[in-house]
Amino acid sequence: MVTQILQPDAAGIAAAAALLRAGQLVAFPTETVYGLGGDALNPAAVAAIFAAKGRPAHDPLIVHLADARDLPRVAAAVPPLVDTLAAAFWPGPLTLVLARGPAVPRAVTAGGPTVAVRVPAPPVARALISAAGTPLAAPSANRFGHTSPTDAAHVLADLGGRIAAVLDGGPTPIGVESTVLDLTTPVPTLLRPGGVSLEALRALLGEVALGGEVAQGGALASPGLLARHYAPQSELWLVVGPEEAARQWLREQAIAATAAGRRVGLLVPDEDAALLADLAADIEPLGPAAAIEVVAQRLYAALRRLDARHPALILARDLGETGLARAVRDRLTRAAAGRVVQLG
Ligand code: AMP
Ligand code: MG
């Protein structure tokens, strides 16, 4: 199969929608990362998504809608809290876990009783979903376990030849995946930090529990148990702790590795890149540490660029857990597959 590259104009959207209606797969830009779209209500299309990604059947897909008014098509019940959240954050990078509606094939939810749903922000994404006339199941458009794609070239590198088309809308603005909030629990539960911050959710809802992946990843208590995900091929280490001490750790590790003949890549904010510029390391500056939205936007592309140069080691510095930094920490922790060093 040759993967077509479609422009995000009326003709491109119409062509993409026709492919989706025919049960084919089309990758498209959202504000978070590129999604691998297929008709969420067509079991064959859903099966094709899992096959193209190499995704295990136990990992459920997020369903994308053009408008919150379409929720009854996929959710069995829409609690009043959804209206509050939708008014505040939709369209946007917030995924809500609700009771699965009968029209949703079980494969979408990995056999479970709940379905994850969101309304993405970019007009091109919503125009595509509207034109397809059906909710789109769309996991990140990468091979399973790889870094998520933030531009069309990343999609082609992972899925070229395996999907019908990619709608090229340029780089995605947020750069990390959506926040996943479970509304089927007694207290809303954050399952994955993302583009909508925990602080913003708590400001609106009051209590929000930390659950699932987040409870594990946030505590960094048993990092050996964390799933390897969003992972580069090179071994990645994440250092967490006071800024000066963490930067010193990066310097010492880079020097020791270089002395041992191992090539080192550094995935660090601009401040560190300047202070560590004397090292014989491949440095990817992510933007100012204080501009966490810039860091998040650049994170995956920088990780891909470093990885393509095959360093023996990639060293990254944690930037805390306030706002979007919580999502950046979560992704780096997974990319590190448990190789997290806590200082101080
Ligand atoms: P991706 O679309 O690749 O960013 O991954 C989707 C992620 O959303 C899954 O790996 C789960 O962590 C989460 N998710 C999807 N559906 C559900 C669900 N029904 N319940 C809980 N989490 C879900
Ligand atoms: Mg993914």
# chains A, B, ... in the order shown; residues from 1 in each chain; ligands from 1

$ closest_atom_pairs --of "segment 276-319 of chain A" --to "segment 33-46 of chain A" --cutoff "12 Å" --atoms "only C-alpha atoms" --output "Markdown table"
| residue | atom | partner | partner_atom | distance |
| --- | --- | --- | --- | --- |
| A:Ala296 | CA | A:Val33 | CA | 10.9 |
| A:Gln297 | CA | A:Val33 | CA | 9.4 |
| A:Arg298 | CA | A:Val33 | CA | 11.3 |
| A:Leu299 | CA | A:Val33 | CA | 11.3 |
| A:Tyr300 | CA | A:Val33 | CA | 9.4 |
| A:Ala301 | CA | A:Val33 | CA | 10.8 |

$ residues_near_ligand --ligand "ligand 2" --cutoff "10 Å" --atoms "only C-alpha atoms and all ligand atoms" --output "MDAnalysis selection string"
chainID A and resid 33:36 53 55 59 61:62 138:149 176:177 229:230

$ atom_distance --atom1 "atom CA of Glu271 of chain A" --atom2 "atom CA of Ala246 of chain A"
12.5 Å

$ residues_around --residues "Thr184 of chain A" --least-positions-apart "5" --cutoff "8 Å" --atoms "only C-alpha atoms" --output "list in words"
Val97, Leu98, Ala99 and Thr114 of chain A

$ write_last_selection --atoms "all heavy atoms" --output "tab-separated table (two decimals), in the first residue's frame"
chain	number	residue	atom	x	y	z
A	97	VAL	N	-13.44	9.27	30.29
A	97	VAL	CA	-13.80	7.85	30.29
A	97	VAL	C	-15.22	7.73	30.83
A	97	VAL	O	-15.52	8.17	31.95
A	97	VAL	CB	-12.80	7.03	31.12
A	97	VAL	CG1	-13.27	5.58	31.26
A	97	VAL	CG2	-11.41	7.09	30.49
A	98	LEU	N	-16.12	7.18	29.99
A	98	LEU	CA	-17.55	7.08	30.29
A	98	LEU	C	-18.01	5.63	30.08
A	98	LEU	O	-17.24	4.80	29.57
A	98	LEU	CB	-18.33	8.01	29.35
A	98	LEU	CG	-17.93	9.49	29.39
A	98	LEU	CD1	-18.58	10.23	28.22
A	98	LEU	CD2	-18.33	10.10	30.73
A	99	ALA	N	-19.26	5.35	30.42
A	99	ALA	CA	-19.80	4.02	30.16
A	99	ALA	C	-19.93	3.80	28.65
A	99	ALA	O	-20.44	4.67	27.93
A	99	ALA	CB	-21.16	3.86	30.84
A	114	THR	N	-16.06	0.56	29.64
A	114	THR	CA	-15.96	2.02	29.50
A	114	THR	C	-15.35	2.39	28.15
A	114	THR	O	-14.64	1.61	27.53
A	114	THR	CB	-15.09	2.63	30.61
A	114	THR	OG1	-13.76	2.10	30.51
A	114	THR	CG2	-15.66	2.33	32.00

$ residues_around --residues "Trp237 of chain A" --least-positions-apart "2" --cutoff "10 Å" --atoms "only C-alpha atoms" --output "list in words"
Ser234, Glu235, Val239, Val240, Leu250, Leu266, Leu267, Leu313, Ile314, Leu315, Ala316, Arg317, Leu332, Thr333, Ala335, Ala336, Ala337, Gly338, Arg339, Val340 and Val341 of chain A

$ write_last_selection --atoms "N, CA, C and O atoms" --output "mmCIF file, in the first residue's frame"
data_model
loop_
_atom_site.group_PDB
_atom_site.id
_atom_site.type_symbol
_atom_site.label_atom_id
_atom_site.label_comp_id
_atom_site.auth_asym_id
_atom_site.auth_seq_id
_atom_site.Cartn_x
_atom_site.Cartn_y
_atom_site.Cartn_z
ATOM 1 N N SER A 234 17.657 4.167 22.046
ATOM 2 C CA SER A 234 18.778 4.344 22.970
ATOM 3 C C SER A 234 18.275 4.252 24.405
ATOM 4 O O SER A 234 17.125 4.547 24.689
ATOM 5 N N GLU A 235 19.186 3.890 25.319
ATOM 6 C CA GLU A 235 18.865 3.817 26.740
ATOM 7 C C GLU A 235 18.699 5.236 27.270
ATOM 8 O O GLU A 235 19.598 6.058 27.111
ATOM 9 N N VAL A 239 16.784 12.230 35.273
ATOM 10 C CA VAL A 239 17.202 12.629 36.614
ATOM 11 C C VAL A 239 16.184 13.622 37.178
ATOM 12 O O VAL A 239 15.801 14.588 36.519
ATOM 13 N N VAL A 240 15.734 13.339 38.411
ATOM 14 C CA VAL A 240 14.726 14.149 39.089
ATOM 15 C C VAL A 240 15.360 14.734 40.348
ATOM 16 O O VAL A 240 16.009 13.999 41.093
ATOM 17 N N LEU A 250 24.030 15.276 35.421
ATOM 18 C CA LEU A 250 24.106 15.129 33.955
ATOM 19 C C LEU A 250 25.555 15.278 33.492
ATOM 20 O O LEU A 250 26.052 14.497 32.677
ATOM 21 N N LEU A 266 21.891 14.577 25.099
ATOM 22 C CA LEU A 266 21.269 15.284 26.220
ATOM 23 C C LEU A 266 19.959 15.903 25.768
ATOM 24 O O LEU A 266 19.913 16.628 24.773
ATOM 25 N N LEU A 267 18.889 15.628 26.516
ATOM 26 C CA LEU A 267 17.558 16.141 26.220
ATOM 27 C C LEU A 267 17.220 17.085 27.367
ATOM 28 O O LEU A 267 16.731 16.651 28.410
ATOM 29 N N LEU A 313 23.537 6.433 25.026
ATOM 30 C CA LEU A 313 22.834 6.892 26.216
ATOM 31 C C LEU A 313 22.147 8.221 25.926
ATOM 32 O O LEU A 313 22.751 9.101 25.310
ATOM 33 N N ILE A 314 20.888 8.384 26.362
ATOM 34 C CA ILE A 314 20.251 9.703 26.330
ATOM 35 C C ILE A 314 19.969 10.090 27.783
ATOM 36 O O ILE A 314 19.402 9.302 28.544
ATOM 37 N N LEU A 315 20.416 11.292 28.177
ATOM 38 C CA LEU A 315 20.188 11.763 29.549
ATOM 39 C C LEU A 315 19.212 12.933 29.512
ATOM 40 O O LEU A 315 19.360 13.850 28.695
ATOM 41 N N ALA A 316 18.198 12.899 30.386
ATOM 42 C CA ALA A 316 17.181 13.955 30.404
ATOM 43 C C ALA A 316 16.996 14.476 31.819
ATOM 44 O O ALA A 316 17.183 13.739 32.787
ATOM 45 N N ARG A 317 16.622 15.755 31.926
ATOM 46 C CA ARG A 317 16.365 16.335 33.253
ATOM 47 C C ARG A 317 14.878 16.600 33.434
ATOM 48 O O ARG A 317 14.236 17.171 32.564
ATOM 49 N N LEU A 332 8.581 11.141 29.969
ATOM 50 C CA LEU A 332 10.015 10.855 30.090
ATOM 51 C C LEU A 332 10.248 9.655 31.006
ATOM 52 O O LEU A 332 11.151 8.852 30.770
ATOM 53 N N THR A 333 9.415 9.520 32.023
ATOM 54 C CA THR A 333 9.538 8.373 32.932
ATOM 55 C C THR A 333 9.303 7.074 32.177
ATOM 56 O O THR A 333 10.008 6.081 32.351
ATOM 57 N N ALA A 335 9.592 6.751 28.831
ATOM 58 C CA ALA A 335 10.664 6.591 27.836
ATOM 59 C C ALA A 335 11.901 6.011 28.516
ATOM 60 O O ALA A 335 12.684 5.296 27.899
ATOM 61 N N ALA A 336 12.068 6.313 29.811
ATOM 62 C CA ALA A 336 13.208 5.812 30.570
ATOM 63 C C ALA A 336 12.998 4.360 30.997
ATOM 64 O O ALA A 336 13.948 3.718 31.451
ATOM 65 N N ALA A 337 11.772 3.875 30.849
ATOM 66 C CA ALA A 337 11.449 2.484 31.226
ATOM 67 C C ALA A 337 11.999 2.145 32.609
ATOM 68 O O ALA A 337 12.546 1.073 32.828
ATOM 69 N N GLY A 338 11.823 3.102 33.536
ATOM 70 C CA GLY A 338 12.216 2.823 34.923
ATOM 71 C C GLY A 338 13.597 3.331 35.298
ATOM 72 O O GLY A 338 13.943 3.322 36.474
ATOM 73 N N ARG A 339 14.386 3.808 34.300
ATOM 74 C CA ARG A 339 15.722 4.308 34.652
ATOM 75 C C ARG A 339 15.617 5.757 35.124
ATOM 76 O O ARG A 339 15.977 6.696 34.419
ATOM 77 N N VAL A 340 15.039 5.934 36.322
ATOM 78 C CA VAL A 340 14.824 7.257 36.899
ATOM 79 C C VAL A 340 15.698 7.394 38.135
ATOM 80 O O VAL A 340 15.677 6.530 39.005
ATOM 81 N N VAL A 341 16.497 8.458 38.159
ATOM 82 C CA VAL A 341 17.387 8.700 39.301
ATOM 83 C C VAL A 341 16.831 9.861 40.106
ATOM 84 O O VAL A 341 16.622 10.947 39.564
#

$ closest_atom_pairs --of "segment 178-274 of chain A" --to "segment 323-331 of chain A" --cutoff "6 Å" --atoms "only C-alpha atoms" --output "CSV"
residue,atom,partner,partner_atom,distance
A:Pro193,CA,A:Ala327,CA,4.8
A:Gly194,CA,A:Ala327,CA,4.9
A:Ser197,CA,A:Gly323,CA,4.9

$ write_last_selection --atoms "C-alpha atoms" --output "CSV table (one decimal), in the first residue's frame"
chain,number,residue,atom,x,y,z
A,193,PRO,CA,-1.6,13.7,32.7
A,194,GLY,CA,-1.7,15.6,29.5
A,197,SER,CA,-3.4,20.2,33.8

$ closest_residue --among "A:Ala10, A:Ala48, A:Leu183, A:Ile129" --to "ligand 1" --atoms "only C-alpha atoms and all ligand atoms"
A:Leu183

$ atom_distance --atom1 "atom CA of Val26 of chain A" --atom2 "atom CA of Ala165 of chain A"
4.8 Å

$ select_by_dssp --residues "segment 180-308 of chain A" --states "strand (DSSP E)" --output "number ranges by chain"
A: 180-182, 189-192, 209-210, 235-240, 264-268, 282-285

$ write_last_selection --atoms "N, CA and C atoms" --output "PDB file, in the first residue's frame"
ATOM      1  N   VAL A 180      -6.231  12.049  30.408  1.00  0.00           N
ATOM      2  CA  VAL A 180      -7.330  11.070  30.474  1.00  0.00           C
ATOM      3  C   VAL A 180      -7.933  11.111  31.874  1.00  0.00           C
ATOM      4  N   LEU A 181      -9.245  11.430  31.943  1.00  0.00           N
ATOM      5  CA  LEU A 181      -9.962  11.551  33.213  1.00  0.00           C
ATOM      6  C   LEU A 181     -11.106  10.546  33.242  1.00  0.00           C
ATOM      7  N   ASP A 182     -11.106   9.686  34.246  1.00  0.00           N
ATOM      8  CA  ASP A 182     -12.139   8.662  34.372  1.00  0.00           C
ATOM      9  C   ASP A 182     -13.313   9.221  35.170  1.00  0.00           C
ATOM     10  N   THR A 189     -11.076  10.522  38.294  1.00  0.00           N
ATOM     11  CA  THR A 189      -9.721  10.003  38.495  1.00  0.00           C
ATOM     12  C   THR A 189      -8.838  10.294  37.288  1.00  0.00           C
ATOM     13  N   LEU A 190      -7.706  10.936  37.548  1.00  0.00           N
ATOM     14  CA  LEU A 190      -6.744  11.230  36.478  1.00  0.00           C
ATOM     15  C   LEU A 190      -5.982   9.955  36.146  1.00  0.00           C
ATOM     16  N   LEU A 191      -6.148   9.461  34.918  1.00  0.00           N
ATOM     17  CA  LEU A 191      -5.456   8.237  34.510  1.00  0.00           C
ATOM     18  C   LEU A 191      -4.167   8.545  33.758  1.00  0.00           C
ATOM     19  N   ARG A 192      -4.136   9.704  33.091  1.00  0.00           N
ATOM     20  CA  ARG A 192      -2.921  10.091  32.361  1.00  0.00           C
ATOM     21  C   ARG A 192      -2.842  11.616  32.350  1.00  0.00           C
ATOM     22  N   ALA A 209      -8.851  12.372  41.940  1.00  0.00           N
ATOM     23  CA  ALA A 209      -7.940  11.342  42.446  1.00  0.00           C
ATOM     24  C   ALA A 209      -6.877  11.022  41.403  1.00  0.00           C
ATOM     25  N   LEU A 210      -5.737  10.543  41.873  1.00  0.00           N
ATOM     26  CA  LEU A 210      -4.695  10.083  40.950  1.00  0.00           C
ATOM     27  C   LEU A 210      -4.828   8.574  40.834  1.00  0.00           C
ATOM     28  N   GLU A 235      19.186   3.890  25.319  1.00  0.00           N
ATOM     29  CA  GLU A 235      18.865   3.817  26.740  1.00  0.00           C
ATOM     30  C   GLU A 235      18.699   5.236  27.270  1.00  0.00           C
ATOM     31  N   LEU A 236      17.541   5.535  27.856  1.00  0.00           N
ATOM     32  CA  LEU A 236      17.307   6.890  28.369  1.00  0.00           C
ATOM     33  C   LEU A 236      17.274   6.889  29.888  1.00  0.00           C
ATOM     34  N   TRP A 237      17.952   7.852  30.497  1.00  0.00           N
ATOM     35  CA  TRP A 237      17.925   8.041  31.948  1.00  0.00           C
ATOM     36  C   TRP A 237      17.327   9.397  32.249  1.00  0.00           C
ATOM     37  N   LEU A 238      16.431   9.433  33.252  1.00  0.00           N
ATOM     38  CA  LEU A 238      15.801  10.684  33.675  1.00  0.00           C
ATOM     39  C   LEU A 238      16.283  11.009  35.081  1.00  0.00           C
ATOM     40  N   VAL A 239      16.784  12.230  35.273  1.00  0.00           N
ATOM     41  CA  VAL A 239      17.202  12.629  36.614  1.00  0.00           C
ATOM     42  C   VAL A 239      16.184  13.622  37.178  1.00  0.00           C
ATOM     43  N   VAL A 240      15.734  13.339  38.411  1.00  0.00           N
ATOM     44  CA  VAL A 240      14.726  14.149  39.089  1.00  0.00           C
ATOM     45  C   VAL A 240      15.360  14.734  40.348  1.00  0.00           C
ATOM     46  N   VAL A 264      26.901  10.187  24.016  1.00  0.00           N
ATOM     47  CA  VAL A 264      25.816  10.635  24.890  1.00  0.00           C
ATOM     48  C   VAL A 264      24.954  11.684  24.191  1.00  0.00           C
ATOM     49  N   GLY A 265      23.643  11.571  24.380  1.00  0.00           N
ATOM     50  CA  GLY A 265      22.712  12.598  23.932  1.00  0.00           C
ATOM     51  C   GLY A 265      22.088  13.252  25.156  1.00  0.00           C
ATOM     52  N   LEU A 266      21.891  14.577  25.099  1.00  0.00           N
ATOM     53  CA  LEU A 266      21.269  15.284  26.220  1.00  0.00           C
ATOM     54  C   LEU A 266      19.959  15.903  25.768  1.00  0.00           C
ATOM     55  N   LEU A 267      18.889  15.628  26.516  1.00  0.00           N
ATOM     56  CA  LEU A 267      17.558  16.141  26.220  1.00  0.00           C
ATOM     57  C   LEU A 267      17.220  17.085  27.367  1.00  0.00           C
ATOM     58  N   VAL A 268      17.545  18.355  27.180  1.00  0.00           N
ATOM     59  CA  VAL A 268      17.536  19.287  28.314  1.00  0.00           C
ATOM     60  C   VAL A 268      17.000  20.660  27.915  1.00  0.00           C
ATOM     61  N   ASP A 282      25.816  15.190  22.313  1.00  0.00           N
ATOM     62  CA  ASP A 282      24.865  15.646  21.315  1.00  0.00           C
ATOM     63  C   ASP A 282      23.711  16.287  22.082  1.00  0.00           C
ATOM     64  N   ILE A 283      23.551  17.609  21.987  1.00  0.00           N
ATOM     65  CA  ILE A 283      22.557  18.280  22.836  1.00  0.00           C
ATOM     66  C   ILE A 283      21.327  18.695  22.042  1.00  0.00           C
ATOM     67  N   GLU A 284      20.134  18.365  22.538  1.00  0.00           N
ATOM     68  CA  GLU A 284      18.870  18.818  21.956  1.00  0.00           C
ATOM     69  C   GLU A 284      18.224  19.788  22.936  1.00  0.00           C
ATOM     70  N   PRO A 285      18.343  21.106  22.708  1.00  0.00           N
ATOM     71  CA  PRO A 285      17.700  22.057  23.614  1.00  0.00           C
ATOM     72  C   PRO A 285      16.182  22.041  23.404  1.00  0.00           C
TER      73      PRO A 285
END

$ select_by_dssp --residues "segment 113-180 of chain A" --states "helix (DSSP H, G or I)" --output "count of residues only"
18

$ closest_residue --among "A:Ala127, A:Ala76, A:Ala137, A:Leu20" --to "ligand 1" --atoms "only C-alpha atoms and all ligand atoms"
A:Ala137

$ atom_distance --atom1 "atom CA of Thr95 of chain A" --atom2 "atom 13 (C, counted along the ligand's line) of ligand 1"
8.3 Å

$ closest_residue --among "A:Leu286, A:Ala27, A:Val108, A:Val294" --to "Ile5 of chain A" --atoms "only C-alpha atoms"
A:Ala27

$ decode --residues "segment 191-213 of chain A" --atoms "N, CA, C and O atoms" --output "PDB file, in the first residue's frame"
ATOM      1  N   LEU A 191      -6.148   9.461  34.918  1.00  0.00           N
ATOM      2  CA  LEU A 191      -5.456   8.237  34.510  1.00  0.00           C
ATOM      3  C   LEU A 191      -4.167   8.545  33.758  1.00  0.00           C
ATOM      4  O   LEU A 191      -3.253   7.724  33.728  1.00  0.00           O
ATOM      5  N   ARG A 192      -4.136   9.704  33.091  1.00  0.00           N
ATOM      6  CA  ARG A 192      -2.921  10.091  32.361  1.00  0.00           C
ATOM      7  C   ARG A 192      -2.842  11.616  32.350  1.00  0.00           C
ATOM      8  O   ARG A 192      -3.792  12.260  31.915  1.00  0.00           O
ATOM      9  N   PRO A 193      -1.722  12.208  32.803  1.00  0.00           N
ATOM     10  CA  PRO A 193      -1.598  13.662  32.704  1.00  0.00           C
ATOM     11  C   PRO A 193      -1.356  14.052  31.258  1.00  0.00           C
ATOM     12  O   PRO A 193      -0.752  13.287  30.503  1.00  0.00           O
ATOM     13  N   GLY A 194      -1.833  15.230  30.866  1.00  0.00           N
ATOM     14  CA  GLY A 194      -1.665  15.637  29.465  1.00  0.00           C
ATOM     15  C   GLY A 194      -1.902  17.113  29.300  1.00  0.00           C
ATOM     16  O   GLY A 194      -1.611  17.911  30.200  1.00  0.00           O
ATOM     17  N   GLY A 195      -2.449  17.483  28.159  1.00  0.00           N
ATOM     18  CA  GLY A 195      -2.604  18.888  27.763  1.00  0.00           C
ATOM     19  C   GLY A 195      -3.468  19.727  28.681  1.00  0.00           C
ATOM     20  O   GLY A 195      -3.325  20.947  28.722  1.00  0.00           O
ATOM     21  N   VAL A 196      -4.412  19.132  29.416  1.00  0.00           N
ATOM     22  CA  VAL A 196      -5.189  19.870  30.417  1.00  0.00           C
ATOM     23  C   VAL A 196      -4.600  19.496  31.774  1.00  0.00           C
ATOM     24  O   VAL A 196      -4.505  18.324  32.115  1.00  0.00           O
ATOM     25  N   SER A 197      -4.193  20.506  32.561  1.00  0.00           N
ATOM     26  CA  SER A 197      -3.438  20.208  33.789  1.00  0.00           C
ATOM     27  C   SER A 197      -4.325  19.720  34.928  1.00  0.00           C
ATOM     28  O   SER A 197      -5.525  20.014  34.983  1.00  0.00           O
ATOM     29  N   LEU A 198      -3.713  18.985  35.844  1.00  0.00           N
ATOM     30  CA  LEU A 198      -4.396  18.532  37.058  1.00  0.00           C
ATOM     31  C   LEU A 198      -4.901  19.736  37.851  1.00  0.00           C
ATOM     32  O   LEU A 198      -6.014  19.717  38.388  1.00  0.00           O
ATOM     33  N   GLU A 199      -4.106  20.802  37.888  1.00  0.00           N
ATOM     34  CA  GLU A 199      -4.507  22.003  38.620  1.00  0.00           C
ATOM     35  C   GLU A 199      -5.795  22.591  38.031  1.00  0.00           C
ATOM     36  O   GLU A 199      -6.701  22.996  38.766  1.00  0.00           O
ATOM     37  N   ALA A 200      -5.883  22.624  36.703  1.00  0.00           N
ATOM     38  CA  ALA A 200      -7.077  23.177  36.052  1.00  0.00           C
ATOM     39  C   ALA A 200      -8.300  22.302  36.341  1.00  0.00           C
ATOM     40  O   ALA A 200      -9.405  22.804  36.563  1.00  0.00           O
ATOM     41  N   LEU A 201      -8.096  20.982  36.362  1.00  0.00           N
ATOM     42  CA  LEU A 201      -9.211  20.075  36.657  1.00  0.00           C
ATOM     43  C   LEU A 201      -9.668  20.250  38.106  1.00  0.00           C
ATOM     44  O   LEU A 201     -10.867  20.310  38.388  1.00  0.00           O
ATOM     45  N   ARG A 202      -8.704  20.351  39.027  1.00  0.00           N
ATOM     46  CA  ARG A 202      -9.058  20.513  40.449  1.00  0.00           C
ATOM     47  C   ARG A 202      -9.749  21.850  40.692  1.00  0.00           C
ATOM     48  O   ARG A 202     -10.657  21.941  41.505  1.00  0.00           O
ATOM     49  N   ALA A 203      -9.322  22.892  39.954  1.00  0.00           N
ATOM     50  CA  ALA A 203      -9.950  24.209  40.120  1.00  0.00           C
ATOM     51  C   ALA A 203     -11.429  24.133  39.740  1.00  0.00           C
ATOM     52  O   ALA A 203     -12.276  24.782  40.344  1.00  0.00           O
ATOM     53  N   LEU A 204     -11.730  23.303  38.746  1.00  0.00           N
ATOM     54  CA  LEU A 204     -13.116  23.204  38.284  1.00  0.00           C
ATOM     55  C   LEU A 204     -13.931  22.188  39.077  1.00  0.00           C
ATOM     56  O   LEU A 204     -15.110  22.409  39.370  1.00  0.00           O
ATOM     57  N   LEU A 205     -13.303  21.049  39.423  1.00  0.00           N
ATOM     58  CA  LEU A 205     -14.064  19.922  39.985  1.00  0.00           C
ATOM     59  C   LEU A 205     -13.897  19.745  41.487  1.00  0.00           C
ATOM     60  O   LEU A 205     -14.629  18.976  42.100  1.00  0.00           O
ATOM     61  N   GLY A 206     -12.909  20.417  42.072  1.00  0.00           N
ATOM     62  CA  GLY A 206     -12.591  20.118  43.467  1.00  0.00           C
ATOM     63  C   GLY A 206     -11.701  18.902  43.487  1.00  0.00           C
ATOM     64  O   GLY A 206     -10.620  18.920  42.917  1.00  0.00           O
ATOM     65  N   GLU A 207     -12.214  17.809  44.077  1.00  0.00           N
ATOM     66  CA  GLU A 207     -11.371  16.627  44.242  1.00  0.00           C
ATOM     67  C   GLU A 207     -11.154  15.876  42.917  1.00  0.00           C
ATOM     68  O   GLU A 207     -12.094  15.616  42.174  1.00  0.00           O
ATOM     69  N   VAL A 208      -9.898  15.558  42.639  1.00  0.00           N
ATOM     70  CA  VAL A 208      -9.552  14.665  41.520  1.00  0.00           C
ATOM     71  C   VAL A 208      -8.535  13.662  42.059  1.00  0.00           C
ATOM     72  O   VAL A 208      -7.499  14.058  42.607  1.00  0.00           O
ATOM     73  N   ALA A 209      -8.851  12.372  41.940  1.00  0.00           N
ATOM     74  CA  ALA A 209      -7.940  11.342  42.446  1.00  0.00           C
ATOM     75  C   ALA A 209      -6.877  11.022  41.403  1.00  0.00           C
ATOM     76  O   ALA A 209      -7.082  11.248  40.207  1.00  0.00           O
ATOM     77  N   LEU A 210      -5.737  10.543  41.873  1.00  0.00           N
ATOM     78  CA  LEU A 210      -4.695  10.083  40.950  1.00  0.00           C
ATOM     79  C   LEU A 210      -4.828   8.574  40.834  1.00  0.00           C
ATOM     80  O   LEU A 210      -4.796   7.873  41.842  1.00  0.00           O
ATOM     81  N   GLY A 211      -4.982   8.098  39.622  1.00  0.00           N
ATOM     82  CA  GLY A 211      -5.228   6.661  39.463  1.00  0.00           C
ATOM     83  C   GLY A 211      -4.308   6.026  38.456  1.00  0.00           C
ATOM     84  O   GLY A 211      -3.537   6.709  37.769  1.00  0.00           O
ATOM     85  N   GLY A 212      -4.446   4.722  38.351  1.00  0.00           N
ATOM     86  CA  GLY A 212      -3.802   3.940  37.300  1.00  0.00           C
ATOM     87  C   GLY A 212      -2.347   4.289  37.087  1.00  0.00           C
ATOM     88  O   GLY A 212      -1.546   4.317  38.016  1.00  0.00           O
ATOM     89  N   GLU A 213      -2.026   4.570  35.836  1.00  0.00           N
ATOM     90  CA  GLU A 213      -0.656   4.844  35.415  1.00  0.00           C
ATOM     91  C   GLU A 213      -0.059   6.001  36.211  1.00  0.00           C
ATOM     92  O   GLU A 213       1.107   5.989  36.560  1.00  0.00           O
TER      93      GLU A 213
END
